[in-house]
>>> print(open('query00.cif').read())   # mmCIF, C-alpha atoms
data_run
#
loop_
_atom_site.label_atom_id
_atom_site.label_comp_id
_atom_site.auth_asym_id
_atom_site.auth_seq_id
_atom_site.Cartn_x
_atom_site.Cartn_y
_atom_site.Cartn_z
CA MET A 259 1.44 9.47 36.66
CA ILE A 260 4.49 7.64 35.32
CA THR A 261 7.62 9.70 34.68
CA ARG A 262 10.69 8.16 33.15
CA VAL A 263 14.09 9.33 34.34
CA GLY A 264 15.81 11.50 31.78
CA HIS A 265 12.66 12.40 29.85
CA ALA A 266 11.58 15.52 31.74
CA PRO A 267 13.26 17.90 29.26
CA ARG A 268 11.34 16.36 26.36
CA ARG A 269 8.07 16.66 28.23
CA LEU A 270 8.83 20.30 29.01
CA ARG A 271 9.56 20.95 25.33
CA ARG A 272 6.16 19.48 24.46
CA VAL A 273 4.51 21.80 26.97
CA PHE A 274 6.34 24.78 25.47
CA ALA A 275 5.36 23.61 21.97
CA SER A 276 1.70 23.39 22.96
CA VAL A 277 1.84 26.86 24.47
CA ALA A 278 3.54 28.18 21.35
CA LEU A 279 0.86 26.63 19.13
CA ALA A 280 -1.89 28.14 21.22
CA ALA A 281 -0.19 31.51 20.99
CA THR A 282 0.18 31.13 17.22
CA LEU A 283 -3.49 30.34 16.68
CA ALA A 284 -4.61 33.01 19.14
CA ALA A 285 -2.40 35.72 17.67
CA SER A 286 -5.41 37.20 15.95
CA ALA A 287 -9.09 36.41 15.76
CA ALA A 288 -8.85 36.53 11.99
CA SER A 289 -6.13 33.87 11.91
CA ALA A 290 -8.08 31.54 14.19
CA GLN A 291 -11.20 31.95 12.09
CA GLN A 292 -9.18 31.17 8.96
CA ILE A 293 -7.89 27.87 10.35
CA TRP A 294 -11.30 26.56 11.35
CA ARG A 295 -13.31 27.86 8.40
CA PRO A 296 -14.63 25.53 5.64
CA GLY A 297 -12.03 24.97 2.93
CA ASP A 298 -11.99 24.83 -0.85
CA PRO A 299 -11.09 21.27 -1.98
CA ALA A 300 -10.48 22.29 -5.60
CA ARG A 301 -7.96 24.90 -4.55
CA GLY A 302 -6.48 22.39 -2.10
CA ALA A 303 -6.00 19.84 -4.89
CA ALA A 304 -3.88 22.29 -6.86
CA LEU A 305 -1.78 23.16 -3.81
CA ALA A 306 -1.29 19.48 -2.93
CA ALA A 307 0.00 18.43 -6.36
CA THR A 308 3.58 18.01 -5.11
CA CYS A 309 2.40 15.95 -2.12
CA ALA A 310 1.52 13.02 -4.42
CA GLY A 311 5.19 12.06 -4.63
CA CYS A 312 5.03 10.61 -1.10
CA HIS A 313 1.33 10.39 -0.23
CA GLY A 314 0.11 9.22 -3.63
CA ALA A 315 -2.66 10.47 -5.87
CA HIS A 316 -5.43 12.01 -3.74
CA GLY A 317 -3.46 10.93 -0.65
CA ALA A 318 -4.56 7.33 -1.15
CA ALA A 319 -1.41 5.62 -2.44
CA PRO A 320 1.41 6.45 -0.04
CA ILE A 321 4.95 5.19 -0.40
CA PRO A 322 6.33 2.88 2.34
CA GLY A 323 6.53 4.65 5.68
CA ALA A 324 4.34 7.59 4.63
CA PRO A 325 0.78 7.99 5.88
CA ALA A 326 -2.36 7.85 3.78
CA LEU A 327 -4.11 11.21 4.02
CA ALA A 328 -7.28 10.40 2.09
CA SER A 329 -10.45 10.62 4.19
CA GLN A 330 -8.47 11.70 7.25
CA GLN A 331 -10.23 13.91 9.81
CA PRO A 332 -10.02 17.51 8.51
CA GLU A 333 -9.40 19.09 11.91
CA PHE A 334 -6.56 16.64 12.55
CA LEU A 335 -5.00 17.46 9.18
CA LYS A 336 -5.27 21.22 9.79
CA LEU A 337 -3.66 20.90 13.21
CA GLN A 338 -0.77 18.74 11.98
CA LEU A 339 -0.08 21.02 9.02
CA VAL A 340 0.08 24.04 11.31
CA LEU A 341 2.36 22.20 13.76
CA MET A 342 4.76 21.23 10.98
CA ARG A 343 4.73 24.65 9.32
CA GLU A 344 5.48 26.35 12.64
CA GLY A 345 8.27 23.90 13.47
CA LEU A 346 6.39 22.46 16.46
CA ARG A 347 6.33 18.96 15.00
CA ASP A 348 9.57 17.67 13.51
CA VAL A 349 9.01 15.56 10.39
CA PRO A 350 12.27 15.57 8.38
CA ALA A 351 10.53 14.58 5.13
CA MET A 352 8.27 17.62 5.47
CA THR A 353 11.04 20.14 6.21
CA GLY A 354 10.55 23.19 4.02
CA THR A 355 7.52 21.71 2.24
CA LEU A 356 5.04 23.99 3.98
CA LYS A 357 7.20 27.09 4.09
CA GLY A 358 5.33 30.10 2.79
CA LEU A 359 1.91 28.46 2.85
CA THR A 360 -0.82 30.55 4.46
CA ASP A 361 -3.48 29.41 6.90
CA ARG A 362 -5.96 29.42 4.03
CA ASP A 363 -3.63 27.18 1.99
CA LEU A 364 -3.39 24.63 4.80
CA VAL A 365 -7.15 24.63 5.34
CA ASP A 366 -7.79 23.99 1.64
CA ILE A 367 -5.21 21.18 1.48
CA ALA A 368 -6.74 19.52 4.54
CA THR A 369 -10.24 19.87 3.09
CA TYR A 370 -9.12 18.29 -0.18
CA TYR A 371 -7.61 15.24 1.47
CA ALA A 372 -10.45 14.83 3.95
CA ALA A 373 -12.94 14.58 1.09
CA ALA A 374 -10.93 11.99 -0.89
CA ARG A 375 -11.89 8.32 -1.06
CA PRO A 376 -10.05 6.38 1.67
CA PHE A 377 -6.92 4.34 1.22
CA ARG A 378 -7.33 0.56 1.39
CA SER A 379 -4.55 -1.58 2.78
CA PRO A 380 -3.84 -4.62 0.59
CA PRO A 381 -5.69 -7.61 2.10
CA ALA A 382 -3.11 -9.71 3.94
CA ARG A 383 -4.81 -10.58 7.22
CA ASP A 384 -2.97 -12.91 9.61
CA PRO A 385 -5.81 -14.32 11.76
CA ALA A 386 -3.74 -14.80 14.92
CA LEU A 387 -1.99 -11.41 14.68
CA TYR A 388 -5.28 -9.68 13.87
CA ALA A 389 -7.03 -11.25 16.86
CA ARG A 390 -4.15 -10.25 19.12
CA GLY A 391 -4.30 -6.68 17.87
CA GLU A 392 -8.05 -6.54 18.36
CA THR A 393 -7.70 -7.69 21.97
CA LEU A 394 -4.92 -5.22 22.70
CA SER A 395 -6.74 -2.29 21.08
CA GLY A 396 -9.79 -2.94 23.23
CA ALA A 397 -7.79 -3.38 26.43
CA MET A 398 -5.85 -0.18 25.82
CA GLY A 399 -8.98 1.84 25.11
CA CYS A 400 -8.00 2.89 21.58
CA ASN A 401 -11.60 3.16 20.44
CA SER A 402 -12.49 5.49 23.30
CA CYS A 403 -10.91 8.37 21.38
CA HIS A 404 -10.56 7.02 17.83
CA MET A 405 -14.20 5.80 17.82
CA GLY A 406 -15.56 2.27 17.48
CA ASP A 407 -14.81 2.08 13.75
CA TYR A 408 -11.42 3.82 14.18
CA SER A 409 -12.43 6.57 11.75
CA GLY A 410 -11.38 9.21 14.29
CA GLN A 411 -13.10 12.40 15.33
CA ARG A 412 -12.19 16.09 15.10
CA GLN A 413 -8.49 16.34 16.10
CA VAL A 414 -8.21 12.58 16.74
CA PRO A 415 -6.97 10.82 13.59
CA ARG A 416 -8.50 8.12 11.46
CA LEU A 417 -6.56 4.85 11.89
CA VAL A 418 -8.61 2.26 10.00
CA ASN A 419 -6.91 0.98 6.82
CA GLN A 420 -3.86 3.19 7.39
CA ARG A 421 -0.53 1.82 6.14
CA GLU A 422 0.64 -0.87 8.56
CA ASP A 423 4.28 0.18 8.50
CA TYR A 424 3.36 3.80 9.18
CA LEU A 425 1.11 2.85 12.10
CA ALA A 426 3.81 0.67 13.66
CA GLY A 427 6.40 3.43 13.30
CA ALA A 428 4.10 6.05 14.84
CA LEU A 429 3.21 3.82 17.80
CA ARG A 430 6.89 3.07 18.48
CA ALA A 431 7.64 6.79 18.35
CA TYR A 432 4.94 7.48 20.96
CA ARG A 433 6.26 4.68 23.16
CA ASP A 434 9.86 5.85 22.88
CA ASP A 435 8.92 9.48 23.61
CA ARG A 436 10.02 10.63 20.15
CA ARG A 437 6.57 11.95 19.26
CA SER A 438 3.57 13.39 21.04
CA GLY A 439 0.24 14.93 20.19
CA THR A 440 -1.00 18.17 21.68
CA ASP A 441 -0.77 16.32 25.01
CA THR A 442 0.99 13.18 26.25
CA SER A 443 -1.99 10.82 26.31
CA MET A 444 -0.64 8.60 23.52
CA ASN A 445 2.75 8.39 25.21
CA ALA A 446 1.06 7.16 28.38
CA VAL A 447 -1.06 4.60 26.51
CA MET A 448 1.93 3.15 24.64
CA TYR A 449 4.30 3.19 27.62
CA LYS A 450 6.03 -0.22 27.92
CA ALA A 451 4.25 -1.68 24.87
CA ALA A 452 6.41 -4.41 23.33
CA ASP A 453 7.36 -4.34 19.64
CA SER A 454 5.28 -7.50 19.15
CA ASP A 455 2.22 -5.80 20.66
CA ILE A 456 2.70 -2.75 18.45
CA ALA A 457 3.00 -5.00 15.39
CA ALA A 458 -0.28 -6.69 16.31
CA ILE A 459 -2.16 -3.40 16.85
CA ALA A 460 -0.84 -1.95 13.58
CA HIS A 461 -1.84 -5.11 11.70
CA TYR A 462 -5.33 -5.08 13.20
CA LEU A 463 -5.97 -1.43 12.34
CA ALA A 464 -4.56 -1.75 8.83
CA GLN A 465 -6.59 -4.87 8.06
CA ARG A 466 -9.91 -3.88 9.63
CA THR A 467 -13.00 -3.96 7.46
CA GLU A 468 -14.08 -0.41 6.66
CA GLY A 469 -17.28 0.69 8.39
CA THR A 470 -17.40 -1.97 11.10
CA ALA A 471 -17.34 -0.86 14.72
CA ASP A 472 -16.14 -2.29 18.02
CA ALA A 473 -18.03 -1.55 21.21
CA PRO A 474 -16.47 1.61 22.69
CA SER A 475 -14.19 0.96 25.66
CA THR A 476 -15.38 2.31 28.98
CA LYS A 477 -11.85 2.73 30.28
CA ALA A 478 -8.29 2.79 29.07
CA SER A 479 -5.28 1.24 30.77
CA PRO A 480 -2.25 3.43 30.00
CA GLY A 481 0.96 1.46 30.10
CA VAL A 482 -0.79 -1.86 30.73
CA VAL A 483 -0.35 -4.40 27.96
CA LEU A 484 -1.78 -7.91 28.00
CA ARG A 485 0.68 -10.78 27.82
#
>>> encode(input="query00.cif", output="structure tokens")
Amino acid sequence: MITRVGHAPRRLRRVFASVALAATLAASAASAQQIWRPGDPARGAALAATCAGCHGAHGAAPIPGAPALASQQPEFLKLQLVLMREGLRDVPAMTGTLKGLTDRDLVDIATYYAAARPFRSPPARDPALYARGETLSGAMGCNSCHMGDYSGQRQVPRLVNQREDYLAGALRAYRDDRRSGTDTSMNAVMYKAADSDIAAIAHYLAQRTEGTADAPSTKASPGVVLR
């Protein structure tokens, strides 16, 4: 396991955050059941009206730097909304946005976006950059968790056709230890990745053809990037 000097406090904070999230969701059986129950997309649409300012209509026309939410994995959306509401994931643009929303509200918002037609990145494929990103994504085992078509699964997010600038920013944040998931797997995978490699991966994922699948990787190589 690779540990960078000076980053132990951040890793400990992530552990504490994960424990706090688990405690939040386990506080009552009723609360846990509420989070994982089926949602009401019509109710979610009404609650998400103000979200269109950044994420676009139906979550499919985001402004620069903001993620597309349309057709995202519902469990991933529920988890991230809870993390942000509880202050366990720091997203400055979302500060205060979720204050006062109940578990039911978050479930309905997530259900609404998950059912929306997916965002399509404008076609602007650079053949060399795309090929480089495809090679790197396979070598780093990205499709082991995100699936062969990069549509994600359960609490693992959809990446295909996501905004390229958002993907690049998120991958840099994982590499630089400024963001983590519920564990540190993404930080390990992106460790030492060069900006040029991140740009290639983001371009590949943003420009992929919807519905096509790569052969799933049998192993990942955290921290190992092809040159």
>>> residues_around(input="query00.cif", residues="stretch 315-317 of chain A", least_positions_apart="3", cutoff="6 Å", atoms="only C-alpha atoms", output="mmCIF file with C-alpha atoms, in the coordinates of the input")
data_model
loop_
_atom_site.group_PDB
_atom_site.id
_atom_site.type_symbol
_atom_site.label_atom_id
_atom_site.label_comp_id
_atom_site.auth_asym_id
_atom_site.auth_seq_id
_atom_site.Cartn_x
_atom_site.Cartn_y
_atom_site.Cartn_z
ATOM 1 C CA ALA A 310 1.520 13.020 -4.420
ATOM 2 C CA ALA A 326 -2.360 7.850 3.780
ATOM 3 C CA LEU A 327 -4.110 11.210 4.020
ATOM 4 C CA ALA A 328 -7.280 10.400 2.090
#
>>> atom_distance(input="query00.cif", atom1="atom CA of A:Tyr371", atom2="atom CA of A:Gln330")
6.8 Å
>>> closest_residue(input="query00.cif", among="A:Val418, A:Leu394, A:Cys403, A:Ala303", to="A:Ala451", atoms="only C-alpha atoms")
A:Leu394
>>> atom_distance(input="query00.cif", atom1="atom CA of A:Met398", atom2="atom CA of A:Ala386")
18.4 Å
>>> resolve_selection(input="query00.cif", expression="the PyMOL selection byres ((chain A and resi 444) around 10)", output="PyMOL selection string")
chain A and resi 400+429+431-433+435+437-443+445-449+480-481
>>> atom_distance(input="query00.cif", atom1="atom CA of A:His404", atom2="atom CA of A:Arg416")
6.8 Å
>>> closest_residue(input="query00.cif", among="A:Phe377, A:Phe334, A:Tyr462, A:Tyr370", to="A:Glu422", atoms="only C-alpha atoms")
A:Tyr462
>>> closest_residue(input="query00.cif", among="A:Ala397, A:Val365, A:Leu463, A:Ala452", to="A:Arg295", atoms="only C-alpha atoms")
A:Val365
>>> residues_around(input="query00.cif", residues="A:Ala319", least_positions_apart="6", cutoff="12 Å", atoms="only C-alpha atoms", output="JSON list (two decimals) with C-alpha atoms, in the frame of the given file")
[["chain", "number", "residue", "atom", "x", "y", "z"],
["A", 309, "CYS", "CA", 2.40, 15.95, -2.12],
["A", 310, "ALA", "CA", 1.52, 13.02, -4.42],
["A", 311, "GLY", "CA", 5.19, 12.06, -4.63],
["A", 312, "CYS", "CA", 5.03, 10.61, -1.10],
["A", 313, "HIS", "CA", 1.33, 10.39, -0.23],
["A", 325, "PRO", "CA", 0.78, 7.99, 5.88],
["A", 326, "ALA", "CA", -2.36, 7.85, 3.78],
["A", 327, "LEU", "CA", -4.11, 11.21, 4.02],
["A", 328, "ALA", "CA", -7.28, 10.40, 2.09],
["A", 374, "ALA", "CA", -10.93, 11.99, -0.89],
["A", 375, "ARG", "CA", -11.89, 8.32, -1.06],
["A", 376, "PRO", "CA", -10.05, 6.38, 1.67],
["A", 377, "PHE", "CA", -6.92, 4.34, 1.22],
["A", 378, "ARG", "CA", -7.33, 0.56, 1.39],
["A", 379, "SER", "CA", -4.55, -1.58, 2.78],
["A", 380, "PRO", "CA", -3.84, -4.62, 0.59],
["A", 419, "ASN", "CA", -6.91, 0.98, 6.82],
["A", 420, "GLN", "CA", -3.86, 3.19, 7.39],
["A", 421, "ARG", "CA", -0.53, 1.82, 6.14]]
>>> resolve_selection(input="query00.cif", expression="the PyMOL selection byres ((chain A and resi 322) around 8)", output="number ranges by chain")
A: 320-321, 323-324, 421, 423-424
>>> closest_residue(input="query00.cif", among="A:Glu333, A:Asp434, A:Asp407, A:Asp384", to="A:Ala457", atoms="all atoms listed in the file")
A:Asp384
>>> resolve_selection(input="query00.cif", expression="the PyMOL selection byres ((chain A and resi 298) around 8)", output="JSON, numbers by chain")
{"A": [296, 297, 299, 300, 301, 302, 365, 366, 369, 370]}
>>> closest_residue(input="query00.cif", among="A:Leu387, A:Ile456, A:Val414, A:Ala307", to="A:Gly427", atoms="only C-alpha atoms")
A:Ile456
>>> closest_residue(input="query00.cif", among="A:Pro381, A:Gly391, A:Gly354, A:Pro415", to="A:Asp455", atoms="all atoms listed in the file")
A:Gly391
>>> residues_around(input="query00.cif", residues="A:Leu356", least_positions_apart="3", cutoff="12 Å", atoms="all atoms listed in the file", output="number ranges by chain")
A: 305-306, 308-309, 338-345, 349-353, 359-361, 363-364, 367
>>> residues_around(input="query00.cif", residues="A:Ala368", least_positions_apart="6", cutoff="7 Å", atoms="only C-alpha atoms", output="PyMOL selection string")
chain A and resi 332+335-336
>>> build_atoms(input="query00.cif", residues="stretch 438-462 of chain A", atoms="N, CA and C atoms", output="PDB file, in the coordinates of the input")
ATOM      1  N   SER A 438       4.734  13.208  20.183  1.00  0.00           N
ATOM      2  CA  SER A 438       3.570  13.390  21.040  1.00  0.00           C
ATOM      3  C   SER A 438       2.510  14.136  20.263  1.00  0.00           C
ATOM      4  N   GLY A 439       1.301  14.119  20.778  1.00  0.00           N
ATOM      5  CA  GLY A 439       0.240  14.930  20.190  1.00  0.00           C
ATOM      6  C   GLY A 439       0.245  16.280  20.866  1.00  0.00           C
ATOM      7  N   THR A 440      -0.920  16.899  20.974  1.00  0.00           N
ATOM      8  CA  THR A 440      -1.000  18.170  21.680  1.00  0.00           C
ATOM      9  C   THR A 440      -0.939  17.951  23.189  1.00  0.00           C
ATOM     10  N   ASP A 441      -1.016  16.675  23.613  1.00  0.00           N
ATOM     11  CA  ASP A 441      -0.770  16.320  25.010  1.00  0.00           C
ATOM     12  C   ASP A 441       0.013  15.000  25.009  1.00  0.00           C
ATOM     13  N   THR A 442       0.174  14.393  26.162  1.00  0.00           N
ATOM     14  CA  THR A 442       0.990  13.180  26.250  1.00  0.00           C
ATOM     15  C   THR A 442       0.155  11.915  26.434  1.00  0.00           C
ATOM     16  N   SER A 443      -1.127  11.969  26.076  1.00  0.00           N
ATOM     17  CA  SER A 443      -1.990  10.820  26.310  1.00  0.00           C
ATOM     18  C   SER A 443      -1.522   9.578  25.544  1.00  0.00           C
ATOM     19  N   MET A 444      -1.096   9.753  24.293  1.00  0.00           N
ATOM     20  CA  MET A 444      -0.640   8.600  23.520  1.00  0.00           C
ATOM     21  C   MET A 444       0.650   8.027  24.082  1.00  0.00           C
ATOM     22  N   ASN A 445       1.514   8.877  24.603  1.00  0.00           N
ATOM     23  CA  ASN A 445       2.750   8.390  25.210  1.00  0.00           C
ATOM     24  C   ASN A 445       2.445   7.524  26.423  1.00  0.00           C
ATOM     25  N   ALA A 446       1.447   7.940  27.198  1.00  0.00           N
ATOM     26  CA  ALA A 446       1.060   7.160  28.380  1.00  0.00           C
ATOM     27  C   ALA A 446       0.444   5.828  27.981  1.00  0.00           C
ATOM     28  N   VAL A 447      -0.406   5.837  26.947  1.00  0.00           N
ATOM     29  CA  VAL A 447      -1.060   4.600  26.510  1.00  0.00           C
ATOM     30  C   VAL A 447      -0.041   3.598  25.991  1.00  0.00           C
ATOM     31  N   MET A 448       0.962   4.062  25.263  1.00  0.00           N
ATOM     32  CA  MET A 448       1.930   3.150  24.640  1.00  0.00           C
ATOM     33  C   MET A 448       3.113   2.821  25.539  1.00  0.00           C
ATOM     34  N   TYR A 449       3.180   3.423  26.710  1.00  0.00           N
ATOM     35  CA  TYR A 449       4.300   3.190  27.620  1.00  0.00           C
ATOM     36  C   TYR A 449       4.460   1.692  27.896  1.00  0.00           C
ATOM     37  N   LYS A 450       5.664   1.176  27.688  1.00  0.00           N
ATOM     38  CA  LYS A 450       6.030  -0.220  27.920  1.00  0.00           C
ATOM     39  C   LYS A 450       5.464  -1.210  26.909  1.00  0.00           C
ATOM     40  N   ALA A 451       4.770  -0.754  25.881  1.00  0.00           N
ATOM     41  CA  ALA A 451       4.250  -1.680  24.870  1.00  0.00           C
ATOM     42  C   ALA A 451       5.423  -2.352  24.144  1.00  0.00           C
ATOM     43  N   ALA A 452       5.355  -3.662  24.013  1.00  0.00           N
ATOM     44  CA  ALA A 452       6.410  -4.410  23.330  1.00  0.00           C
ATOM     45  C   ALA A 452       6.283  -4.238  21.818  1.00  0.00           C
ATOM     46  N   ASP A 453       7.396  -4.422  21.105  1.00  0.00           N
ATOM     47  CA  ASP A 453       7.360  -4.340  19.640  1.00  0.00           C
ATOM     48  C   ASP A 453       6.338  -5.305  19.064  1.00  0.00           C
ATOM     49  N   SER A 454       6.235  -6.498  19.659  1.00  0.00           N
ATOM     50  CA  SER A 454       5.280  -7.500  19.150  1.00  0.00           C
ATOM     51  C   SER A 454       3.843  -7.036  19.331  1.00  0.00           C
ATOM     52  N   ASP A 455       3.562  -6.336  20.421  1.00  0.00           N
ATOM     53  CA  ASP A 455       2.220  -5.800  20.660  1.00  0.00           C
ATOM     54  C   ASP A 455       1.905  -4.686  19.655  1.00  0.00           C
ATOM     55  N   ILE A 456       2.879  -3.826  19.413  1.00  0.00           N
ATOM     56  CA  ILE A 456       2.700  -2.750  18.450  1.00  0.00           C
ATOM     57  C   ILE A 456       2.453  -3.317  17.056  1.00  0.00           C
ATOM     58  N   ALA A 457       3.195  -4.358  16.698  1.00  0.00           N
ATOM     59  CA  ALA A 457       3.000  -5.000  15.390  1.00  0.00           C
ATOM     60  C   ALA A 457       1.581  -5.542  15.258  1.00  0.00           C
ATOM     61  N   ALA A 458       1.069  -6.114  16.341  1.00  0.00           N
ATOM     62  CA  ALA A 458      -0.280  -6.690  16.310  1.00  0.00           C
ATOM     63  C   ALA A 458      -1.339  -5.588  16.171  1.00  0.00           C
ATOM     64  N   ILE A 459      -1.192  -4.505  16.928  1.00  0.00           N
ATOM     65  CA  ILE A 459      -2.160  -3.400  16.850  1.00  0.00           C
ATOM     66  C   ILE A 459      -2.147  -2.781  15.458  1.00  0.00           C
ATOM     67  N   ALA A 460      -0.949  -2.543  14.917  1.00  0.00           N
ATOM     68  CA  ALA A 460      -0.840  -1.950  13.580  1.00  0.00           C
ATOM     69  C   ALA A 460      -1.474  -2.851  12.532  1.00  0.00           C
ATOM     70  N   HIS A 461      -1.262  -4.156  12.655  1.00  0.00           N
ATOM     71  CA  HIS A 461      -1.840  -5.110  11.700  1.00  0.00           C
ATOM     72  C   HIS A 461      -3.356  -5.094  11.785  1.00  0.00           C
ATOM     73  N   TYR A 462      -3.879  -5.094  12.996  1.00  0.00           N
ATOM     74  CA  TYR A 462      -5.330  -5.080  13.200  1.00  0.00           C
ATOM     75  C   TYR A 462      -5.963  -3.835  12.584  1.00  0.00           C
TER      76      TYR A 462
END
